[in-house]
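Asks: What follows is query_31.pdb, PDB, C-alpha atoms.
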```
MODEL        1
ATOM      1  CA  MET A 105     -18.860 -40.073  10.361
ATOM      2  CA  LYS A 106     -16.974 -36.776  10.268
ATOM      3  CA  SER A 107     -14.789 -36.244  13.307
ATOM      4  CA  LYS A 108     -15.366 -33.159  15.387
ATOM      5  CA  THR A 109     -12.485 -30.739  15.799
ATOM      6  CA  VAL A 110     -11.607 -30.253  19.448
ATOM      7  CA  GLN A 111     -10.406 -26.750  20.187
ATOM      8  CA  THR A 112      -7.388 -26.886  22.472
ATOM      9  CA  GLU A 113      -7.011 -23.747  24.569
ATOM     10  CA  LYS A 114      -3.650 -22.024  24.473
ATOM     11  CA  SER A 115      -2.159 -21.423  27.884
ATOM     12  CA  ASN A 116      -1.924 -18.013  29.512
ATOM     13  CA  LEU A 117      -3.816 -15.804  27.061
ATOM     14  CA  HIS A 118      -6.387 -13.403  28.518
ATOM     15  CA  PRO A 119      -9.809 -15.058  29.091
ATOM     16  CA  ARG A 120     -11.507 -12.594  26.716
ATOM     17  CA  ASN A 121      -8.884 -13.019  24.007
ATOM     18  CA  PRO A 122     -10.645 -14.690  21.038
ATOM     19  CA  HIS A 123      -7.288 -16.167  19.980
ATOM     20  CA  ARG A 124      -6.794 -18.274  23.115
ATOM     21  CA  PHE A 125      -7.702 -21.385  21.127
ATOM     22  CA  ARG A 126      -5.619 -22.940  18.396
ATOM     23  CA  TYR A 127      -6.250 -21.456  14.989
ATOM     24  CA  ASP A 128      -9.308 -22.891  13.244
ATOM     25  CA  PHE A 129      -7.883 -22.959   9.748
ATOM     26  CA  GLU A 130     -11.088 -24.257   8.183
ATOM     27  CA  LYS A 131     -12.897 -21.180   9.481
ATOM     28  CA  LEU A 132     -10.027 -18.861   8.575
ATOM     29  CA  ILE A 133      -9.783 -20.151   5.007
ATOM     30  CA  LYS A 134     -13.519 -19.553   4.571
ATOM     31  CA  ALA A 135     -12.909 -15.978   5.684
ATOM     32  CA  LEU A 136      -9.871 -15.599   3.425
ATOM     33  CA  PRO A 137      -9.474 -18.300   0.744
ATOM     34  CA  GLU A 138      -5.958 -17.110  -0.174
ATOM     35  CA  LEU A 139      -4.735 -18.387   3.212
ATOM     36  CA  ALA A 140      -5.162 -21.981   1.989
ATOM     37  CA  SER A 141      -1.962 -21.877  -0.060
ATOM     38  CA  PHE A 142       0.074 -21.173   3.093
ATOM     39  CA  VAL A 143      -1.434 -23.823   5.377
ATOM     40  CA  ILE A 144       0.750 -26.855   6.028
ATOM     41  CA  THR A 145       0.531 -29.903   8.291
ATOM     42  CA  ASN A 146       2.899 -30.122  11.236
ATOM     43  CA  THR A 147       4.717 -33.457  10.922
ATOM     44  CA  HIS A 148       5.085 -33.763  14.706
ATOM     45  CA  ASN A 149       1.441 -33.551  15.772
ATOM     46  CA  GLU A 150      -0.443 -33.638  12.446
ATOM     47  CA  GLU A 151      -2.037 -30.249  13.192
ATOM     48  CA  GLN A 152      -2.483 -27.532  10.603
ATOM     49  CA  THR A 153      -0.242 -24.487  10.835
ATOM     50  CA  ILE A 154       1.700 -22.050   8.662
ATOM     51  CA  ASP A 155       5.402 -21.378   8.228
ATOM     52  CA  PHE A 156       5.870 -18.484  10.637
ATOM     53  CA  SER A 157       9.231 -17.660   9.050
ATOM     54  CA  ASN A 158       7.376 -16.772   5.834
ATOM     55  CA  SER A 159       6.274 -13.137   6.036
ATOM     56  CA  ASP A 160       3.640 -13.619   3.299
ATOM     57  CA  ALA A 161       2.101 -16.464   5.289
ATOM     58  CA  VAL A 162       2.029 -14.363   8.474
ATOM     59  CA  ILE A 163       0.359 -11.464   6.656
ATOM     60  CA  ALA A 164      -2.250 -13.810   5.174
ATOM     61  CA  LEU A 165      -2.966 -15.255   8.624
ATOM     62  CA  ASN A 166      -3.435 -11.753  10.030
ATOM     63  CA  LYS A 167      -5.787 -10.825   7.199
ATOM     64  CA  ALA A 168      -7.856 -13.927   7.875
ATOM     65  CA  LEU A 169      -7.993 -13.274  11.628
ATOM     66  CA  LEU A 170      -9.081  -9.674  11.081
ATOM     67  CA  VAL A 171     -11.847 -10.711   8.684
ATOM     68  CA  SER A 172     -13.020 -13.654  10.798
ATOM     69  CA  GLU A 173     -12.890 -12.165  14.295
ATOM     70  CA  TYR A 174     -13.158  -8.404  13.746
ATOM     71  CA  ARG A 175     -14.934  -7.941  10.393
ATOM     72  CA  ILE A 176     -12.042  -5.862   9.085
ATOM     73  CA  GLU A 177     -11.740  -6.089   5.298
ATOM     74  CA  ASN A 178      -8.903  -5.192   2.935
ATOM     75  CA  TRP A 179      -6.219  -4.931   5.618
ATOM     76  CA  ASN A 180      -2.671  -4.902   4.292
ATOM     77  CA  ILE A 181       0.738  -3.391   5.009
ATOM     78  CA  PRO A 182       3.526  -2.121   2.745
ATOM     79  CA  SER A 183       6.528  -4.340   2.093
ATOM     80  CA  ASN A 184       8.942  -4.711   5.040
ATOM     81  CA  TYR A 185       6.693  -3.007   7.579
ATOM     82  CA  LEU A 186       5.966  -4.661  10.923
ATOM     83  CA  CYS A 187       3.294  -7.352  10.792
ATOM     84  CA  PRO A 188       2.065  -7.691  14.377
ATOM     85  CA  PRO A 189       1.240 -11.016  16.060
ATOM     86  CA  ILE A 190      -2.440 -10.354  16.703
ATOM     87  CA  PRO A 191      -2.990 -12.658  19.735
ATOM     88  CA  GLY A 192      -0.314 -10.835  21.748
ATOM     89  CA  ARG A 193      -1.536  -7.394  20.691
ATOM     90  CA  ALA A 194      -5.082  -8.381  21.675
ATOM     91  CA  ASP A 195      -3.853  -9.410  25.128
ATOM     92  CA  TYR A 196      -2.475  -5.899  25.721
ATOM     93  CA  ILE A 197      -5.873  -4.416  24.829
ATOM     94  CA  HIS A 198      -7.824  -6.770  27.111
ATOM     95  CA  TYR A 199      -5.517  -6.330  30.098
ATOM     96  CA  LEU A 200      -5.659  -2.590  29.532
ATOM     97  CA  ALA A 201      -9.449  -2.800  29.640
ATOM     98  CA  ASP A 202      -9.165  -4.555  33.018
ATOM     99  CA  LEU A 203      -6.894  -1.765  34.248
ATOM    100  CA  LEU A 204      -9.476   0.867  33.297
ATOM    101  CA  ALA A 205     -12.197  -1.186  34.985
ATOM    102  CA  GLU A 206     -10.321  -1.020  38.303
ATOM    103  CA  SER A 207     -10.995   2.727  38.349
ATOM    104  CA  ASN A 208     -14.560   2.417  37.070
ATOM    105  CA  MET A 209     -16.234   0.408  39.826
ATOM    106  CA  GLY A 210     -15.168  -2.858  38.220
ATOM    107  CA  THR A 211     -16.873  -2.145  34.906
ATOM    108  CA  ILE A 212     -14.899  -1.871  31.680
ATOM    109  CA  PRO A 213     -15.623   1.563  30.183
ATOM    110  CA  ILE A 214     -16.755   1.185  26.600
ATOM    111  CA  GLY A 215     -17.720   3.524  23.789
ATOM    112  CA  GLU A 216     -16.240   6.213  21.592
ATOM    113  CA  GLN A 217     -15.798   8.636  24.492
ATOM    114  CA  ILE A 218     -12.913   6.463  25.750
ATOM    115  CA  VAL A 219      -9.946   7.823  23.837
ATOM    116  CA  GLY A 220      -6.535   6.185  23.634
ATOM    117  CA  LEU A 221      -3.286   7.587  22.264
ATOM    118  CA  ASP A 222      -1.310   5.028  20.257
ATOM    119  CA  ILE A 223       2.360   6.008  20.176
ATOM    120  CA  GLY A 224       3.922   4.431  17.088
ATOM    121  CA  ILE A 225       0.802   3.186  15.344
ATOM    122  CA  GLY A 226       2.938   1.845  12.497
ATOM    123  CA  ALA A 227       1.485   0.898   9.142
ATOM    124  CA  ASN A 228      -0.722  -1.851  10.600
ATOM    125  CA  CYS A 229      -3.098   0.221  12.788
ATOM    126  CA  ILE A 230      -3.559  -2.867  14.941
ATOM    127  CA  TYR A 231      -4.130  -1.459  18.451
ATOM    128  CA  PRO A 232      -6.846   0.997  17.341
ATOM    129  CA  ILE A 233      -8.518  -1.761  15.316
ATOM    130  CA  LEU A 234      -8.565  -4.181  18.255
ATOM    131  CA  GLY A 235      -9.552  -1.534  20.803
ATOM    132  CA  ASN A 236     -12.375  -0.200  18.663
ATOM    133  CA  CYS A 237     -13.705  -3.605  17.617
ATOM    134  CA  GLY A 238     -13.511  -4.975  21.152
ATOM    135  CA  TYR A 239     -14.701  -2.039  23.222
ATOM    136  CA  GLY A 240     -15.789   0.738  20.869
ATOM    137  CA  TRP A 241     -12.884   2.969  21.929
ATOM    138  CA  SER A 242     -11.592   5.882  19.867
ATOM    139  CA  PHE A 243      -7.925   6.452  19.122
ATOM    140  CA  VAL A 244      -5.399   9.010  18.024
ATOM    141  CA  GLY A 245      -2.613   7.182  16.207
ATOM    142  CA  VAL A 246       0.812   8.832  16.072
ATOM    143  CA  ASP A 247       3.890   8.008  14.026
ATOM    144  CA  ILE A 248       6.988   9.674  12.590
ATOM    145  CA  ASP A 249       6.629   7.718   9.331
ATOM    146  CA  GLU A 250       4.394   9.340   6.694
ATOM    147  CA  THR A 251       4.184   6.123   4.647
ATOM    148  CA  ALA A 252       2.957   4.222   7.704
ATOM    149  CA  LEU A 253       0.267   6.807   8.389
ATOM    150  CA  LYS A 254      -0.750   6.821   4.730
ATOM    151  CA  ASN A 255      -1.339   3.076   4.922
ATOM    152  CA  CYS A 256      -3.347   3.440   8.156
ATOM    153  CA  LYS A 257      -5.486   6.042   6.401
ATOM    154  CA  LYS A 258      -6.099   3.529   3.607
ATOM    155  CA  ILE A 259      -7.106   0.796   6.086
ATOM    156  CA  ILE A 260      -9.468   3.188   7.875
ATOM    157  CA  GLY A 261     -10.952   4.365   4.571
ATOM    158  CA  GLN A 262     -11.714   0.796   3.505
ATOM    159  CA  ASN A 263     -13.453  -0.006   6.805
ATOM    160  CA  PRO A 264     -16.186   2.609   7.378
ATOM    161  CA  LYS A 265     -16.785   1.615  11.001
ATOM    162  CA  LEU A 266     -13.265   2.855  11.800
ATOM    163  CA  SER A 267     -13.571   6.210  10.043
ATOM    164  CA  GLU A 268     -15.081   8.096  12.973
ATOM    165  CA  ALA A 269     -13.082   6.257  15.619
ATOM    166  CA  ILE A 270      -9.438   6.673  14.544
ATOM    167  CA  SER A 271      -7.592   9.875  13.737
ATOM    168  CA  LEU A 272      -3.958  10.076  12.681
ATOM    169  CA  GLN A 273      -1.206  12.510  13.541
ATOM    170  CA  LEU A 274       2.340  12.885  12.261
ATOM    171  CA  GLN A 275       5.044  13.535  14.857
ATOM    172  CA  THR A 276       7.229  15.947  12.922
ATOM    173  CA  THR A 277       9.995  16.024  15.545
ATOM    174  CA  PRO A 278      11.147  12.394  16.003
ATOM    175  CA  ARG A 279      13.021  13.046  19.252
ATOM    176  CA  TYR A 280       9.725  13.878  20.956
ATOM    177  CA  ILE A 281       6.959  11.483  21.944
ATOM    178  CA  PHE A 282       4.099  13.490  23.473
ATOM    179  CA  LYS A 283       5.281  17.024  22.724
ATOM    180  CA  ASN A 284       3.344  18.603  19.833
ATOM    181  CA  ILE A 285       0.873  15.725  20.063
ATOM    182  CA  ILE A 286      -0.988  16.183  23.368
ATOM    183  CA  LEU A 287      -2.646  19.587  23.161
ATOM    184  CA  PRO A 288      -4.096  21.592  26.106
ATOM    185  CA  GLU A 289      -7.659  20.572  25.266
ATOM    186  CA  ASP A 290      -6.892  16.846  24.954
ATOM    187  CA  LYS A 291      -7.904  14.202  27.462
ATOM    188  CA  PHE A 292      -6.948  10.538  27.137
ATOM    189  CA  SER A 293      -7.952   7.480  29.150
ATOM    190  CA  PHE A 294      -4.652   5.839  28.255
ATOM    191  CA  THR A 295      -1.627   5.747  26.031
ATOM    192  CA  ILE A 296      -0.478   2.509  24.432
ATOM    193  CA  CYS A 297       2.886   1.741  22.888
ATOM    194  CA  ASN A 298       5.047  -1.025  21.472
ATOM    195  CA  PRO A 299       8.434   0.745  21.687
ATOM    196  CA  PRO A 300      11.429   0.056  19.433
ATOM    197  CA  PHE A 301      13.232  -2.913  20.950
ATOM    198  CA  HIS A 302      16.788  -2.591  19.640
ATOM    199  CA  SER A 303      19.416   0.142  19.911
ATOM    200  CA  SER A 304      20.720  -0.189  16.327
ATOM    201  CA  GLU A 305      20.158  -1.834  12.965
ATOM    202  CA  THR A 306      23.082  -4.175  13.720
ATOM    203  CA  ALA A 307      21.448  -5.355  16.949
ATOM    204  CA  ALA A 308      18.147  -5.918  15.130
ATOM    205  CA  SER A 309      19.881  -7.938  12.396
ATOM    206  CA  LYS A 310      21.661 -10.144  14.936
ATOM    207  CA  ALA A 311      18.398 -10.800  16.748
ATOM    208  CA  ASN A 312      16.755 -11.685  13.454
ATOM    209  CA  SER A 313      19.519 -14.189  12.667
ATOM    210  CA  ARG A 314      18.899 -15.917  15.982
ATOM    211  CA  LYS A 315      15.164 -16.003  15.319
ATOM    212  CA  VAL A 316      15.645 -17.445  11.836
ATOM    213  CA  ASN A 317      17.922 -20.164  13.214
ATOM    214  CA  GLN A 318      15.376 -21.031  15.879
ATOM    215  CA  LEU A 319      12.697 -21.340  13.222
ATOM    216  CA  LYS A 320      15.061 -23.545  11.156
ATOM    217  CA  SER A 321      14.423 -21.427   8.099
ATOM    218  CA  ASP A 322      16.623 -20.273   5.251
ATOM    219  CA  GLU A 323      14.639 -17.075   4.873
ATOM    220  CA  LYS A 324      16.904 -14.167   5.837
ATOM    221  CA  GLN A 325      14.364 -11.588   6.914
ATOM    222  CA  LEU A 326      12.279 -10.798   9.948
ATOM    223  CA  ASN A 327       9.203 -12.952   9.658
ATOM    224  CA  PHE A 328       7.092 -10.140  11.126
ATOM    225  CA  GLY A 329       8.987  -7.468   9.168
ATOM    226  CA  GLY A 330       9.725  -4.047  10.537
ATOM    227  CA  LYS A 331      11.149  -0.717   9.419
ATOM    228  CA  GLU A 332      13.812   1.290  11.227
ATOM    229  CA  ALA A 333      11.586   3.287  13.593
ATOM    230  CA  GLU A 334       9.595   0.169  14.449
ATOM    231  CA  LEU A 335      12.593  -1.958  15.445
ATOM    232  CA  TRP A 336      15.360   0.273  16.763
ATOM    233  CA  CYS A 337      16.184   3.737  18.058
ATOM    234  CA  ALA A 338      19.066   5.404  19.880
ATOM    235  CA  GLY A 339      19.139   3.943  23.373
ATOM    236  CA  GLY A 340      16.897   1.032  22.446
ATOM    237  CA  GLU A 341      13.820   0.155  24.472
ATOM    238  CA  ILE A 342      15.014   1.651  27.735
ATOM    239  CA  GLY A 343      16.047   4.890  26.049
ATOM    240  CA  PHE A 344      12.653   5.270  24.388
ATOM    241  CA  ILE A 345      10.674   4.497  27.538
ATOM    242  CA  THR A 346      12.820   6.817  29.652
ATOM    243  CA  GLN A 347      12.091   9.653  27.208
ATOM    244  CA  MET A 348       8.411   8.761  27.359
ATOM    245  CA  ILE A 349       8.401   8.912  31.165
ATOM    246  CA  TYR A 350      10.111  12.298  31.322
ATOM    247  CA  GLU A 351       7.688  13.751  28.766
ATOM    248  CA  SER A 352       4.640  12.276  30.499
ATOM    249  CA  VAL A 353       5.357  14.470  33.532
ATOM    250  CA  LYS A 354       4.282  17.491  31.484
ATOM    251  CA  TYR A 355       0.770  16.105  30.982
ATOM    252  CA  PRO A 356      -0.147  14.776  34.442
ATOM    253  CA  PHE A 357      -3.872  15.521  34.297
ATOM    254  CA  GLN A 358      -4.563  14.982  30.608
ATOM    255  CA  CYS A 359      -4.071  11.243  30.636
ATOM    256  CA  PHE A 360      -5.180   8.717  33.240
ATOM    257  CA  TRP A 361      -2.799   5.864  32.460
ATOM    258  CA  PHE A 362       0.418   6.103  30.513
ATOM    259  CA  THR A 363       1.342   2.576  29.409
ATOM    260  CA  THR A 364       4.005   0.841  27.339
ATOM    261  CA  LEU A 365       5.116  -2.672  26.570
ATOM    262  CA  VAL A 366       8.418  -3.672  28.163
ATOM    263  CA  SER A 367      10.006  -6.597  26.334
ATOM    264  CA  LYS A 368      13.192  -6.782  28.378
ATOM    265  CA  LYS A 369      12.427  -7.716  31.982
ATOM    266  CA  ASP A 370      15.862  -6.451  33.027
ATOM    267  CA  ASN A 371      14.720  -2.924  32.126
ATOM    268  CA  LEU A 372      12.006  -2.871  34.794
ATOM    269  CA  LYS A 373      14.322  -1.837  37.627
ATOM    270  CA  THR A 374      15.493   1.249  35.728
ATOM    271  CA  ILE A 375      11.937   2.082  34.667
ATOM    272  CA  TYR A 376      10.660   1.910  38.261
ATOM    273  CA  ARG A 377      13.519   4.100  39.445
ATOM    274  CA  THR A 378      12.765   6.719  36.792
ATOM    275  CA  LEU A 379       9.035   6.671  37.523
ATOM    276  CA  ASN A 380       9.660   7.183  41.228
ATOM    277  CA  LYS A 381      12.096   9.972  40.429
ATOM    278  CA  VAL A 382       9.488  11.924  38.431
ATOM    279  CA  GLY A 383       6.787  11.416  41.068
ATOM    280  CA  ALA A 384       4.419   8.896  39.502
ATOM    281  CA  VAL A 385       1.642   8.287  42.052
ATOM    282  CA  THR A 386       0.683   4.746  41.023
ATOM    283  CA  ILE A 387       2.835   2.292  39.092
ATOM    284  CA  LYS A 388       1.572  -1.088  37.891
ATOM    285  CA  THR A 389       3.174  -3.921  35.956
ATOM    286  CA  ILE A 390       0.771  -6.243  34.162
ATOM    287  CA  GLU A 391       2.287  -9.578  33.185
ATOM    288  CA  MET A 392       1.192 -11.316  29.998
ATOM    289  CA  ALA A 393       2.164 -14.550  28.310
ATOM    290  CA  GLN A 394       1.631 -16.304  25.002
ATOM    291  CA  GLY A 395       2.828 -19.880  25.189
ATOM    292  CA  GLN A 396       6.426 -19.783  26.387
ATOM    293  CA  LYS A 397       6.887 -16.135  25.486
ATOM    294  CA  ARG A 398       6.400 -13.764  28.411
ATOM    295  CA  SER A 399       5.836 -10.035  28.158
ATOM    296  CA  ARG A 400       4.405  -7.247  30.203
ATOM    297  CA  PHE A 401       3.334  -3.640  30.129
ATOM    298  CA  VAL A 402       4.028  -0.960  32.683
ATOM    299  CA  ALA A 403       1.352   1.611  33.540
ATOM    300  CA  TRP A 404       1.733   4.789  35.572
ATOM    301  CA  THR A 405      -0.381   7.767  36.512
ATOM    302  CA  PHE A 406       0.178  11.121  38.185
ATOM    303  CA  LEU A 407      -3.400  11.316  39.431
ATOM    304  CA  SER A 408      -3.941  11.113  43.176
ATOM    305  CA  ALA A 409      -6.154   8.381  44.594
ATOM    306  CA  LEU A 410      -9.035  10.884  44.790
ATOM    307  CA  GLN A 411      -8.457  12.141  41.255
ATOM    308  CA  GLN A 412      -8.405   8.564  39.988
ATOM    309  CA  LYS A 413     -11.708   7.895  41.709
ATOM    310  CA  GLU A 414     -13.277  11.064  40.296
ATOM    311  CA  TRP A 415     -12.090  10.547  36.711
ATOM    312  CA  ASP A 416     -15.192  10.603  34.519
ATOM    313  CA  PHE A 417     -14.945   7.924  31.824
ATOM    314  CA  SER A 418     -18.362   8.894  30.471
ATOM    315  CA  ASN A 419     -17.321  12.382  29.426
ATOM    316  CA  GLU A 420     -13.818  12.639  27.983
TER
ENDMDL
END
```
Write out the structure in this file as structure tokens.

Replies:
Amino acid sequence: MKSKTVQTEKSNLHPRNPHRFRYDFEKLIKALPELASFVITNTHNEEQTIDFSNSDAVIALNKALLVSEYRIENWNIPSNYLCPPIPGRADYIHYLADLLAESNMGTIPIGEQIVGLDIGIGANCIYPILGNCGYGWSFVGVDIDETALKNCKKIIGQNPKLSEAISLQLQTTPRYIFKNIILPEDKFSFTICNPPFHSSETAASKANSRKVNQLKSDEKQLNFGGKEAELWCAGGEIGFITQMIYESVKYPFQCFWFTTLVSKKDNLKTIYRTLNKVGAVTIKTIEMAQGQKRSRFVAWTFLSALQQKEWDFSNE
């Protein structure tokens, strides 16, 4: 008699996250047969897995997840671009949906009229894909990298359901984040961002060496890839977020929630101080976790309590 696979739930992922259970590789291989060549058996617990230090294996896993869970076909990224860990990215989207629900009488606002601004969409287009597939939201995706945007355009073109939901915009002045992007007529429910983590290429390389050692791999590259603008910038994470905060002040009524991931917990104190300095009315920190890895995003708004209550999610 064939044994039944028992799905073990991963700890700490959002209750609506479809990736909260261990990967069902039988199902994933049916969705993407090419994944089979990367699946191995963990010698410690006899469970199927992949070598997460192998970037090709990680990309294949992402392709399979996108086909299986989101009906996204023909997703791919150029060589050396960031390949996002989908479970963690999905958590950001679901917790963000909960945040919007708090200002919508407890109901998550869904549909194309809910528009998000993705700062640094990268070549993978992952946040707009997850937000649209999960809640029907629309997105404007921004990047300073023309090659990244070209690849997003290709992904959108190969998945017709995304064509009306995601638009792309090139930030032609890299030192700016919202300037030249948010126009007077624009109105966004939220911004979303995975900011550059490191302050230099050297810092990124050192971090990668530590990661490779932890994975006990001889492969000398970031297993999730990443180009310059995706991994580092002058001032690192705190420098990028500080710039974002100061620019957000100029658009206080055109966006409900400005949000960004904060990887380094030690940066929170400085971020709170800056947000208070510029007069943010409400500041929230939403904690997330995937296994032993902990992360969070910070959200702030300049809308008063009354303005938050009166924000019309049905007509953006």

Asks: To test your reading of the syntax: which residues would the PyMOL selection byres ((chain A and resi 202-214) around 6) return for the file shown? Reply as a count of residues only.

Replies: 6

Asks: Please evaluate the PyMOL selection byres ((chain A and resi 417) around 8) against the structure above and give the resulting residues as a list in words.

Replies: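 Answer for the PyMOL selection byres ((chain A and resi 417) around 8): Asn208, Pro213, Gln217, Ile218, Ser293, Trp415, Asp416, Ser418, Asn419 and Glu420 of chain A.
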
Asks: The PyMOL selection byres ((chain A and resi 256) around 10) on the file shown: which residues, as a compact mmCIF listing (two decimals) with C-alpha atoms, keeping the file's coordinate frame?

Replies:
```
# COMPACT_ATOMS: atom_id res chain seq x y z
CA TRP A 179 -6.22 -4.93 5.62
CA ASN A 180 -2.67 -4.90 4.29
CA ILE A 181 0.74 -3.39 5.01
CA ILE A 225 0.80 3.19 15.34
CA GLY A 226 2.94 1.84 12.50
CA ALA A 227 1.48 0.90 9.14
CA ASN A 228 -0.72 -1.85 10.60
CA CYS A 229 -3.10 0.22 12.79
CA ILE A 230 -3.56 -2.87 14.94
CA GLY A 245 -2.61 7.18 16.21
CA GLU A 250 4.39 9.34 6.69
CA THR A 251 4.18 6.12 4.65
CA ALA A 252 2.96 4.22 7.70
CA LEU A 253 0.27 6.81 8.39
CA LYS A 254 -0.75 6.82 4.73
CA ASN A 255 -1.34 3.08 4.92
CA LYS A 257 -5.49 6.04 6.40
CA LYS A 258 -6.10 3.53 3.61
CA ILE A 259 -7.11 0.80 6.09
CA ILE A 260 -9.47 3.19 7.88
CA GLY A 261 -10.95 4.36 4.57
CA GLN A 262 -11.71 0.80 3.50
CA ILE A 270 -9.44 6.67 14.54
CA SER A 271 -7.59 9.88 13.74
CA LEU A 272 -3.96 10.08 12.68
```

Asks: May I ask which of the residues A:Lys283, A:Lys381, A:Lys369, A:Arg126 is the closest one to A:Lys397, counting only C-alpha atoms?

Replies: A:Lys369

Asks: Please compute the atom CA of A:Ala409-atom CA of A:Ile345 distance, one decimal, in Å.

Replies: 24.3 Å

Asks: Which residues are near A:Ser242? Cut-off 6 Å, only C-alpha atoms, ignore same chain within fewer than 2 positions. Put them as a PyMOL selection string.

Replies: chain A and resi 216+219+269-270

Asks: Those same residues - C-alpha atoms - I'd like them written as a PDB file, keeping the file's coordinate frame.

Replies:
```pdb
ATOM      1  CA  GLU A 216     -16.240   6.213  21.592  1.00  0.00           C
ATOM      2  CA  VAL A 219      -9.946   7.823  23.837  1.00  0.00           C
ATOM      3  CA  ALA A 269     -13.082   6.257  15.619  1.00  0.00           C
ATOM      4  CA  ILE A 270      -9.438   6.673  14.544  1.00  0.00           C
TER       5      ILE A 270
END
```

Asks: So which residues touch A:Ile285 within 8 Å, counting all atoms listed in the file, skipping near sequence neighbours fewer than 6 positions away, as an MDAnalysis selection string?

Replies: chainID A and resid 246 273 275

Asks: Can you tell me which residues surround A:Asp155 at a distance of at most 8 Å, considering all atoms listed in the file, apart from same-chain residues fewer than 6 positions away, and format the answer as a tab-separated table (two decimals) with C-alpha atoms, in the coordinates of the input?

Replies:
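See out_28.tsv below for the written result:
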```tsv
chain	number	residue	atom	x	y	z
A	142	PHE	CA	0.07	-21.17	3.09
A	143	VAL	CA	-1.43	-23.82	5.38
A	144	ILE	CA	0.75	-26.86	6.03
A	161	ALA	CA	2.10	-16.46	5.29
A	162	VAL	CA	2.03	-14.36	8.47
```

Asks: If you count all atoms listed in the file, which residues fall within 8 Å of stretch 135-138 of chain A, apart from same-chain ones fewer than 5 positions away, as an NGL selection string?

Replies: :A and (164 or 167-168 or 171-172)

Asks: Rounded to one decimal in Å, what is the spacing between atom CA of A:Thr295 and atom CA of A:Thr277?

Replies: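 Separation between atom CA of A:Thr295 and atom CA of A:Thr277: 18.7 Å.
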
Asks: Draw an axis-aligned box over all listed atoms of stretch 116-129 of chain A, pad each side with 3 Å, and write its centre and edge lengths in Å, one decimal, as lines of an AutoDock Vina configuration file.

Replies:
```
center_x = -6.7
center_y = -17.8
center_z = 19.6
size_x = 15.6
size_y = 16.4
size_z = 25.8
```

Asks: Find the residues around A:Phe129 up to 10 Å (only C-alpha atoms counted), leave out those fewer than 2 positions away in its own chain, and share them as a PyMOL selection string.

Replies: chain A and resi 126-127+131-136+139-140+143+151-154+165+168-169

Asks: As an exercise, work out the distance from atom CA of A:Phe282 to atom CA of A:Leu221 in Å and give it to one decimal place.

Replies: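 Here the two named atoms are 9.5 Å from each other.
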